[in-house]
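These notes concern the structure reproduced below.
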Amino acid sequence: MRTQVGIVGAGPAGLLLARLLERAGVDAVVLESRGREEIEATIRAGVLEQGTVDMLNECGVGTRMMREGALHRGIELRFGGQGHRIDLAGLTGGRAIMVYAQHEVIKDLVAARLESGGKIHFGVEGVSLQDVDTRTPSIHFRKDGAGERLECDFVAGCDGFHGVSRPTVPSRLRREFARSYPFGWLGILVEAPPSSDELIYAWHERGFALVSTRSPQIQRLYLQCDPQDALDEWPDERIWTELRARLATTDGWKLKEGRIFQKGIVAMRSFVVEPMQHGRLFLAGDAAHIVPPTGAKGLNLAAADVRVLASALAAFYRSGDEARLAAYSATALRRVWRAEHFSWWMTSMLHRFHDDDAFSLRLQRAQLEYVVGSKAAATSLAENYVGLPWD
Ligand SMILES: Cc1cc2nc3c(=O)[nH]c(=O)nc-3n(C[C@H](O)[C@H](O)[C@H](O)COP(=O)(O)OP(=O)(O)OC[C@H]3O[C@@H](n4cnc5c(N)ncnc54)[C@H](O)[C@@H]3O)c2cc1C
C-alpha cells in the first residue's frame, strides 16, 4: 500500500487531519486499532471552541452539529452558595462555545470520509513506524491476521496518549514535561432535563463539581474524586448526595436528577512532549500533550494542531516548500503551552488539593471573587475558554 500521508489513529486529530488533507487534494490513509462502533461510542469531550466549530463547518462536516449542538454564550462560576455568570460572548466580541459530544464529531467525520471514498482501516493490530527519520517512512501493521506495509511520504502520529507514535521518537531526542494531580473526575450520564441553560463550574470545600449537558434529555455531570476510587465505591445515592451538597445555593436552586446510565473515573494530568516532530513523523493531539479537562481544551488543541499540520503539508505538496513543516512543532507548541497554562489555572482554582489546607481554600476564594468581580479578569478567562484566535 502507498499513500502520501499515513495517519495513525482515528480520533478527532486523525480524522480531522484526513478531512483537511482531502480538501487540499492530499492523499491519506487512516489506521485505527479499534472498531468503528467502539470509537463512535466512546464518551469523552463535549465543549467545542468557536474556532473548532468554524473549522468543522469550513470543511463541510458541521451540519448536524449546527442542528443538534447547543450554542452557549456564557458559563457560571458557583461558590459560596451563589452563581456568577461569565458572559463569554459579551467579553469576547461575540465568540461562544458549542456543546456537542466528541463521539458525535467522530460519527460525522467517519461518515464524511467513507462517503467521499477516503480510507480508514479499523481494527488494525501491531502498528509500528519504520524509517521515520528518512524520506521513505512506512507503517507496518496486521489486518485480519495478515501483515501489511503502508509506504508514505509522511506519518502523522494521532494515536492518543497511549499510542505507539510518541515512543517511536528516540528518548534522547524528546523532552517530556508532566504534572499529575491528586484527584480525578467521576463523570456520569443521566436521563434528565437540563438543570441549567449554561455549564456550571462549582467550587466547594468538599471538592469541585461540573454541570454540563449533552441534549435536552441527557445530562453530563462530574465531581472531583480520588483517582484511585473504584466505581462501586460510588453508588448512585452517594453521587447525588455529593452533587447536591457541592452545587447547593442560597436561593433554593434544584439539581434535576434521573437515571444514571453511565459512570467513569478519569485521572487528571498535564503533559507535553517537545518537539512534536521527528524526521517525517509529526505528533498531533493527545499523542503530544494532555491537559486536565477543566479548561475543555483537549479536543480543541487536537484540532488546532492538525490545522497547522494540514496547511504545512498542503504547502509542501503545492510548492515543495518544507519551511512550514520544519516549523510545525514550534508553531503548535505556542498554542499548546497557552492551553496548558489555562487548564492548569482553572484546575488549580477550582479543585480541593489537600484536606487540611485552609490557606489554599482562602486563596482560591480570593481568586474566584476577583475573576467574577473584575472585567479584566473575567475577560481573560472568557477569551481563553472560547479559544484564542488561531494565529
Ligand atoms: C472525561 C473527559 C472529558 C473531556 N472533556 C473535554 C472537553 O470538554 N473539551 C475538550 O476539548 N477535550 C476534552 N477531553 C479531552 C479529549 O477527549 C481528548 O483531548 C481528545 O480525544 C484527543 O483527540 P486525539 O485524536 O488526539 O486522541 P484520541 O481521541 O485518544 O484518539 C486516538 C485514537 O488512536 C487510536 N490508537 C491508539 N493507539 C493506536 C495504535 N497503536 N494504532 C492505531 N490506532 C491507535 C485510539 O483507539 C483512538 O481512536 C476530555 C477527555 C476526557 C477523558
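Residues are named by chain letter and number: chains run A, B, ... in the order of the C-alpha cells, numbers start at 1 in each chain, and ligands are numbered from 1 in the order shown.
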
Next on the checklist: Which residues are close to Lys143 (chain A), i.e. within 12 Å by only C-alpha atoms, leaving aside same-chain residues fewer than 3 positions away? Reply as a list in words.
Outcome noted: Leu31, Glu32, Ser33, Arg34, Gly35, Ile120, His121, Phe122, Gly123, Val124, Glu125, Gly126, Val127, His140, Ala146, Gly147, Glu148, Arg149 and Leu150 of chain A

Next, the residues of the selection above should be written as a PDB file, in the first residue's frame with C-alpha atoms.
```pdb
ATOM      1  CA  LEU A  31      -5.167   3.261  10.558  1.00  0.00           C
ATOM      2  CA  GLU A  32      -7.233   2.706  13.732  1.00  0.00           C
ATOM      3  CA  SER A  33      -6.756  -0.093  16.251  1.00  0.00           C
ATOM      4  CA  ARG A  34     -10.388  -0.103  17.460  1.00  0.00           C
ATOM      5  CA  GLY A  35     -13.612  -0.824  15.606  1.00  0.00           C
ATOM      6  CA  ILE A 120      -9.954   4.133   7.202  1.00  0.00           C
ATOM      7  CA  HIS A 121      -8.669   0.700   8.222  1.00  0.00           C
ATOM      8  CA  PHE A 122     -10.377  -0.208  11.503  1.00  0.00           C
ATOM      9  CA  GLY A 123      -9.188  -2.940  13.874  1.00  0.00           C
ATOM     10  CA  VAL A 124      -5.525  -2.930  12.812  1.00  0.00           C
ATOM     11  CA  GLU A 125      -3.008  -4.582  15.168  1.00  0.00           C
ATOM     12  CA  GLY A 126       0.714  -4.429  15.908  1.00  0.00           C
ATOM     13  CA  VAL A 127       1.259  -0.988  14.395  1.00  0.00           C
ATOM     14  CA  HIS A 140       3.757  -1.881   9.457  1.00  0.00           C
ATOM     15  CA  ALA A 146      -2.162 -10.633   7.542  1.00  0.00           C
ATOM     16  CA  GLY A 147       0.961  -8.443   7.718  1.00  0.00           C
ATOM     17  CA  GLU A 148       0.666  -5.153   5.797  1.00  0.00           C
ATOM     18  CA  ARG A 149       3.035  -2.304   4.979  1.00  0.00           C
ATOM     19  CA  LEU A 150       1.920   1.230   4.184  1.00  0.00           C
TER      20      LEU A 150
END
```

Mind the document's chain letters and residue numbers, and return as a PDB file with N, CA and C atoms, in the first residue's frame the residues of region 41-278 of chain A that DSSP labels helix (DSSP H, G or I).
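Okay, this is what ended up in selection-v2.pdb:
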```
ATOM      1  N   GLN A  50     -15.063  28.129  19.616  1.00  0.00           N
ATOM      2  CA  GLN A  50     -15.562  28.791  18.405  1.00  0.00           C
ATOM      3  C   GLN A  50     -14.736  28.412  17.173  1.00  0.00           C
ATOM      4  N   GLY A  51     -13.415  28.395  17.308  1.00  0.00           N
ATOM      5  CA  GLY A  51     -12.547  28.096  16.160  1.00  0.00           C
ATOM      6  C   GLY A  51     -12.721  26.664  15.674  1.00  0.00           C
ATOM      7  N   THR A  52     -12.954  25.728  16.603  1.00  0.00           N
ATOM      8  CA  THR A  52     -13.172  24.332  16.215  1.00  0.00           C
ATOM      9  C   THR A  52     -14.498  24.211  15.464  1.00  0.00           C
ATOM     10  N   VAL A  53     -15.514  24.907  15.951  1.00  0.00           N
ATOM     11  CA  VAL A  53     -16.829  24.922  15.282  1.00  0.00           C
ATOM     12  C   VAL A  53     -16.668  25.469  13.857  1.00  0.00           C
ATOM     13  N   ASP A  54     -15.934  26.584  13.746  1.00  0.00           N
ATOM     14  CA  ASP A  54     -15.739  27.195  12.424  1.00  0.00           C
ATOM     15  C   ASP A  54     -15.005  26.217  11.500  1.00  0.00           C
ATOM     16  N   MET A  55     -14.001  25.529  12.042  1.00  0.00           N
ATOM     17  CA  MET A  55     -13.218  24.604  11.221  1.00  0.00           C
ATOM     18  C   MET A  55     -14.078  23.445  10.726  1.00  0.00           C
ATOM     19  N   LEU A  56     -14.911  22.892  11.615  1.00  0.00           N
ATOM     20  CA  LEU A  56     -15.781  21.777  11.210  1.00  0.00           C
ATOM     21  C   LEU A  56     -16.760  22.238  10.126  1.00  0.00           C
ATOM     22  N   ASN A  57     -17.262  23.455  10.274  1.00  0.00           N
ATOM     23  CA  ASN A  57     -18.170  23.987   9.242  1.00  0.00           C
ATOM     24  C   ASN A  57     -17.437  24.197   7.923  1.00  0.00           C
ATOM     25  N   GLU A  58     -16.239  24.811   8.021  1.00  0.00           N
ATOM     26  CA  GLU A  58     -15.491  25.096   6.788  1.00  0.00           C
ATOM     27  C   GLU A  58     -15.157  23.825   6.029  1.00  0.00           C
ATOM     28  N   THR A  63     -22.912  20.253   9.634  1.00  0.00           N
ATOM     29  CA  THR A  63     -24.371  20.416   9.504  1.00  0.00           C
ATOM     30  C   THR A  63     -25.128  19.885  10.715  1.00  0.00           C
ATOM     31  N   ARG A  64     -24.804  18.639  11.131  1.00  0.00           N
ATOM     32  CA  ARG A  64     -25.543  18.052  12.258  1.00  0.00           C
ATOM     33  C   ARG A  64     -25.197  18.792  13.565  1.00  0.00           C
ATOM     34  N   MET A  65     -23.921  19.170  13.703  1.00  0.00           N
ATOM     35  CA  MET A  65     -23.508  19.918  14.896  1.00  0.00           C
ATOM     36  C   MET A  65     -24.320  21.215  15.026  1.00  0.00           C
ATOM     37  N   MET A  66     -24.501  21.933  13.905  1.00  0.00           N
ATOM     38  CA  MET A  66     -25.233  23.193  13.968  1.00  0.00           C
ATOM     39  C   MET A  66     -26.707  22.952  14.300  1.00  0.00           C
ATOM     40  N   ARG A  67     -27.219  21.773  13.899  1.00  0.00           N
ATOM     41  CA  ARG A  67     -28.631  21.460  14.149  1.00  0.00           C
ATOM     42  C   ARG A  67     -28.836  20.934  15.570  1.00  0.00           C
ATOM     43  N   GLU A  68     -27.938  20.037  16.013  1.00  0.00           N
ATOM     44  CA  GLU A  68     -28.180  19.334  17.280  1.00  0.00           C
ATOM     45  C   GLU A  68     -27.343  19.848  18.449  1.00  0.00           C
ATOM     46  N   LEU A  88     -19.399  35.012  28.219  1.00  0.00           N
ATOM     47  CA  LEU A  88     -18.340  34.705  27.252  1.00  0.00           C
ATOM     48  C   LEU A  88     -18.471  35.578  26.009  1.00  0.00           C
ATOM     49  N   ALA A  89     -19.672  35.630  25.441  1.00  0.00           N
ATOM     50  CA  ALA A  89     -19.868  36.364  24.190  1.00  0.00           C
ATOM     51  C   ALA A  89     -19.663  37.868  24.397  1.00  0.00           C
ATOM     52  N   GLY A  90     -20.228  38.381  25.478  1.00  0.00           N
ATOM     53  CA  GLY A  90     -20.125  39.820  25.748  1.00  0.00           C
ATOM     54  C   GLY A  90     -18.683  40.264  25.966  1.00  0.00           C
ATOM     55  N   LEU A  91     -17.871  39.365  26.537  1.00  0.00           N
ATOM     56  CA  LEU A  91     -16.493  39.739  26.873  1.00  0.00           C
ATOM     57  C   LEU A  91     -15.514  39.472  25.728  1.00  0.00           C
ATOM     58  N   GLN A 102     -18.028  14.697  21.706  1.00  0.00           N
ATOM     59  CA  GLN A 102     -16.909  14.266  20.860  1.00  0.00           C
ATOM     60  C   GLN A 102     -17.287  13.072  19.975  1.00  0.00           C
ATOM     61  N   HIS A 103     -18.058  12.102  20.535  1.00  0.00           N
ATOM     62  CA  HIS A 103     -18.352  10.929  19.709  1.00  0.00           C
ATOM     63  C   HIS A 103     -19.317  11.269  18.562  1.00  0.00           C
ATOM     64  N   GLU A 104     -20.043  12.377  18.700  1.00  0.00           N
ATOM     65  CA  GLU A 104     -20.868  12.820  17.576  1.00  0.00           C
ATOM     66  C   GLU A 104     -19.973  13.440  16.493  1.00  0.00           C
ATOM     67  N   VAL A 105     -18.949  14.185  16.927  1.00  0.00           N
ATOM     68  CA  VAL A 105     -17.980  14.728  15.956  1.00  0.00           C
ATOM     69  C   VAL A 105     -17.321  13.573  15.213  1.00  0.00           C
ATOM     70  N   ILE A 106     -16.955  12.522  15.966  1.00  0.00           N
ATOM     71  CA  ILE A 106     -16.315  11.344  15.352  1.00  0.00           C
ATOM     72  C   ILE A 106     -17.262  10.723  14.319  1.00  0.00           C
ATOM     73  N   LYS A 107     -18.529  10.562  14.692  1.00  0.00           N
ATOM     74  CA  LYS A 107     -19.500   9.964  13.746  1.00  0.00           C
ATOM     75  C   LYS A 107     -19.565  10.786  12.457  1.00  0.00           C
ATOM     76  N   ASP A 108     -19.626  12.120  12.609  1.00  0.00           N
ATOM     77  CA  ASP A 108     -19.735  12.990  11.438  1.00  0.00           C
ATOM     78  C   ASP A 108     -18.495  12.870  10.554  1.00  0.00           C
ATOM     79  N   LEU A 109     -17.307  12.819  11.182  1.00  0.00           N
ATOM     80  CA  LEU A 109     -16.058  12.760  10.406  1.00  0.00           C
ATOM     81  C   LEU A 109     -15.894  11.404   9.715  1.00  0.00           C
ATOM     82  N   VAL A 110     -16.256  10.317  10.416  1.00  0.00           N
ATOM     83  CA  VAL A 110     -16.151   8.977   9.811  1.00  0.00           C
ATOM     84  C   VAL A 110     -17.101   8.888   8.624  1.00  0.00           C
ATOM     85  N   ALA A 111     -18.348   9.345   8.823  1.00  0.00           N
ATOM     86  CA  ALA A 111     -19.342   9.260   7.738  1.00  0.00           C
ATOM     87  C   ALA A 111     -18.878  10.053   6.521  1.00  0.00           C
ATOM     88  N   ALA A 112     -18.364  11.269   6.770  1.00  0.00           N
ATOM     89  CA  ALA A 112     -17.933  12.114   5.649  1.00  0.00           C
ATOM     90  C   ALA A 112     -16.768  11.463   4.908  1.00  0.00           C
ATOM     91  N   ARG A 113     -15.847  10.870   5.658  1.00  0.00           N
ATOM     92  CA  ARG A 113     -14.674  10.266   4.997  1.00  0.00           C
ATOM     93  C   ARG A 113     -15.086   9.057   4.148  1.00  0.00           C
ATOM     94  N   LEU A 114     -15.916   8.208   4.713  1.00  0.00           N
ATOM     95  CA  LEU A 114     -16.294   6.999   3.976  1.00  0.00           C
ATOM     96  C   LEU A 114     -17.144   7.359   2.752  1.00  0.00           C
ATOM     97  N   GLU A 115     -17.986   8.366   2.944  1.00  0.00           N
ATOM     98  CA  GLU A 115     -18.847   8.811   1.840  1.00  0.00           C
ATOM     99  C   GLU A 115     -18.023   9.314   0.649  1.00  0.00           C
ATOM    100  N   SER A 165       3.196   6.185  18.490  1.00  0.00           N
ATOM    101  CA  SER A 165       3.946   7.203  17.740  1.00  0.00           C
ATOM    102  C   SER A 165       4.970   7.937  18.604  1.00  0.00           C
ATOM    103  N   ARG A 166       4.522   8.441  19.763  1.00  0.00           N
ATOM    104  CA  ARG A 166       5.467   9.206  20.592  1.00  0.00           C
ATOM    105  C   ARG A 166       6.676   8.368  20.985  1.00  0.00           C
ATOM    106  N   PRO A 167       6.495   7.124  21.454  1.00  0.00           N
ATOM    107  CA  PRO A 167       7.676   6.327  21.826  1.00  0.00           C
ATOM    108  C   PRO A 167       8.583   5.978  20.638  1.00  0.00           C
ATOM    109  N   THR A 168       8.107   6.194  19.402  1.00  0.00           N
ATOM    110  CA  THR A 168       8.974   5.944  18.236  1.00  0.00           C
ATOM    111  C   THR A 168      10.108   6.971  18.171  1.00  0.00           C
ATOM    112  N   SER A 171      14.276   8.344  22.845  1.00  0.00           N
ATOM    113  CA  SER A 171      14.091   9.081  24.098  1.00  0.00           C
ATOM    114  C   SER A 171      15.118  10.192  24.268  1.00  0.00           C
ATOM    115  N   ARG A 172      16.311  10.025  23.683  1.00  0.00           N
ATOM    116  CA  ARG A 172      17.320  11.090  23.843  1.00  0.00           C
ATOM    117  C   ARG A 172      16.948  12.351  23.051  1.00  0.00           C
ATOM    118  N   LEU A 173      16.010  12.226  22.126  1.00  0.00           N
ATOM    119  CA  LEU A 173      15.635  13.370  21.284  1.00  0.00           C
ATOM    120  C   LEU A 173      14.333  14.034  21.727  1.00  0.00           C
ATOM    121  N   LEU A 231     -15.402   2.290  40.927  1.00  0.00           N
ATOM    122  CA  LEU A 231     -16.760   2.777  40.651  1.00  0.00           C
ATOM    123  C   LEU A 231     -17.770   2.269  41.670  1.00  0.00           C
ATOM    124  N   ASP A 232     -17.522   1.044  42.226  1.00  0.00           N
ATOM    125  CA  ASP A 232     -18.520   0.544  43.190  1.00  0.00           C
ATOM    126  C   ASP A 232     -18.453   1.270  44.537  1.00  0.00           C
ATOM    127  N   GLU A 233     -17.440   2.136  44.700  1.00  0.00           N
ATOM    128  CA  GLU A 233     -17.438   2.999  45.894  1.00  0.00           C
ATOM    129  C   GLU A 233     -18.370   4.194  45.693  1.00  0.00           C
ATOM    130  N   ASP A 236     -25.194   5.239  43.280  1.00  0.00           N
ATOM    131  CA  ASP A 236     -25.909   6.434  42.796  1.00  0.00           C
ATOM    132  C   ASP A 236     -26.228   7.420  43.920  1.00  0.00           C
ATOM    133  N   GLU A 237     -26.687   6.895  45.076  1.00  0.00           N
ATOM    134  CA  GLU A 237     -27.122   7.807  46.129  1.00  0.00           C
ATOM    135  C   GLU A 237     -25.962   8.652  46.646  1.00  0.00           C
ATOM    136  N   ARG A 238     -24.748   8.046  46.711  1.00  0.00           N
ATOM    137  CA  ARG A 238     -23.588   8.834  47.161  1.00  0.00           C
ATOM    138  C   ARG A 238     -23.276   9.951  46.152  1.00  0.00           C
ATOM    139  N   ILE A 239     -23.404   9.632  44.875  1.00  0.00           N
ATOM    140  CA  ILE A 239     -23.142  10.642  43.836  1.00  0.00           C
ATOM    141  C   ILE A 239     -24.115  11.819  43.970  1.00  0.00           C
ATOM    142  N   TRP A 240     -25.414  11.490  44.137  1.00  0.00           N
ATOM    143  CA  TRP A 240     -26.402  12.582  44.233  1.00  0.00           C
ATOM    144  C   TRP A 240     -26.195  13.408  45.499  1.00  0.00           C
ATOM    145  N   THR A 241     -25.853  12.744  46.605  1.00  0.00           N
ATOM    146  CA  THR A 241     -25.627  13.476  47.860  1.00  0.00           C
ATOM    147  C   THR A 241     -24.495  14.478  47.675  1.00  0.00           C
ATOM    148  N   GLU A 242     -23.387  14.025  47.061  1.00  0.00           N
ATOM    149  CA  GLU A 242     -22.244  14.922  46.856  1.00  0.00           C
ATOM    150  C   GLU A 242     -22.600  16.057  45.908  1.00  0.00           C
ATOM    151  N   LEU A 243     -23.264  15.710  44.801  1.00  0.00           N
ATOM    152  CA  LEU A 243     -23.600  16.765  43.835  1.00  0.00           C
ATOM    153  C   LEU A 243     -24.529  17.807  44.468  1.00  0.00           C
ATOM    154  N   ARG A 244     -25.527  17.315  45.242  1.00  0.00           N
ATOM    155  CA  ARG A 244     -26.454  18.271  45.876  1.00  0.00           C
ATOM    156  C   ARG A 244     -25.683  19.203  46.808  1.00  0.00           C
ATOM    157  N   ALA A 245     -24.751  18.624  47.593  1.00  0.00           N
ATOM    158  CA  ALA A 245     -24.008  19.435  48.567  1.00  0.00           C
ATOM    159  C   ALA A 245     -23.097  20.443  47.863  1.00  0.00           C
ATOM    160  N   ARG A 246     -22.388  19.994  46.842  1.00  0.00           N
ATOM    161  CA  ARG A 246     -21.407  20.866  46.200  1.00  0.00           C
ATOM    162  C   ARG A 246     -22.048  21.954  45.345  1.00  0.00           C
ATOM    163  N   LEU A 247     -23.277  21.676  44.889  1.00  0.00           N
ATOM    164  CA  LEU A 247     -23.938  22.633  43.993  1.00  0.00           C
ATOM    165  C   LEU A 247     -24.991  23.493  44.699  1.00  0.00           C
TER     166      LEU A 247
END
```

Next on the checklist: Show me which residues line ligand 1, defined as having an atom within 7 Å of a ligand atom where only C-alpha atoms and all ligand atoms count, and present them as a ChimeraX atom specification.
Outcome noted: /A:8-14,31-34,39,44-48,102,124-127,158-164,187,266,284-287,290,293,296-302

Checklist entry - So which bits of region 44-232 of chain A end up strand (DSSP E) when you DSSP the backbone, as a PyMOL selection string? => result chain A and resi 47-48+70-72+75-79+82-86+97-99+119-121+125-130+138-143+146-151+154-157+175-191+200-202+209-213+218-225

Item to check | Shell around region 359-371 of chain A at 10 Å using only C-alpha atoms, local window under 5 positions removed, as a count of residues only | outcome: 22

Item to check | Arg175 (chain A) surroundings by only C-alpha atoms, 7 Å radius, close-in-sequence under 2 positions cut, as a ChimeraX atom specification | outcome: /A:173,177,273-274

Writer output for current selection, all heavy atoms, as a CSV table (one decimal), in the first residue's frame:
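Result file is out.csv:
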```csv
chain,number,residue,atom,x,y,z
A,173,LEU,N,16.0,12.2,22.1
A,173,LEU,CA,15.6,13.4,21.3
A,173,LEU,C,14.3,14.0,21.7
A,173,LEU,O,13.9,15.0,21.1
A,173,LEU,CB,15.5,12.9,19.8
A,173,LEU,CG,16.8,12.4,19.2
A,173,LEU,CD1,16.5,12.0,17.7
A,173,LEU,CD2,17.9,13.4,19.2
A,177,PHE,N,7.4,16.9,29.7
A,177,PHE,CA,7.0,17.8,30.8
A,177,PHE,C,5.7,17.3,31.4
A,177,PHE,O,4.8,17.1,30.6
A,177,PHE,CB,6.9,19.2,30.4
A,177,PHE,CG,8.1,19.8,29.7
A,177,PHE,CD1,8.3,19.5,28.3
A,177,PHE,CD2,9.0,20.6,30.3
A,177,PHE,CE1,9.4,20.1,27.6
A,177,PHE,CE2,10.1,21.2,29.7
A,177,PHE,CZ,10.3,20.9,28.3
A,273,VAL,N,5.1,16.8,25.2
A,273,VAL,CA,6.4,16.4,24.7
A,273,VAL,C,7.0,17.4,23.7
A,273,VAL,O,6.2,18.0,22.9
A,273,VAL,CB,6.3,15.0,24.0
A,273,VAL,CG1,5.5,15.0,22.7
A,273,VAL,CG2,7.7,14.4,23.8
A,274,GLU,N,8.2,17.6,23.8
A,274,GLU,CA,8.9,18.5,22.8
A,274,GLU,C,10.1,17.8,22.2
A,274,GLU,O,10.8,17.1,23.0
A,274,GLU,CB,9.4,19.8,23.5
A,274,GLU,CG,8.3,20.7,24.0
A,274,GLU,CD,8.9,22.0,24.6
A,274,GLU,OE1,10.1,22.2,24.6
A,274,GLU,OE2,8.1,22.8,25.1
```

Checklist entry - Do you have the CA of Ser212 (chain A)-CA of Leu189 (chain A) distance handy? => result 9.8 Å

Checklist entry - What is the CA of Leu221 (chain A) to CA of Leu186 (chain A) distance in Å? => result 8.3 Å

Next on the checklist: Env of region 25-28 of chain A: 7 Å cut, atoms = only C-alpha atoms, seq-sep filter 2 positions within chain, self excluded. Answer as a list in words.
Outcome noted: Thr3, Gln4, Val5, Gly6, Ile7, Ala18, Leu21, Glu22, Arg23, Val30 and Ala314 of chain A
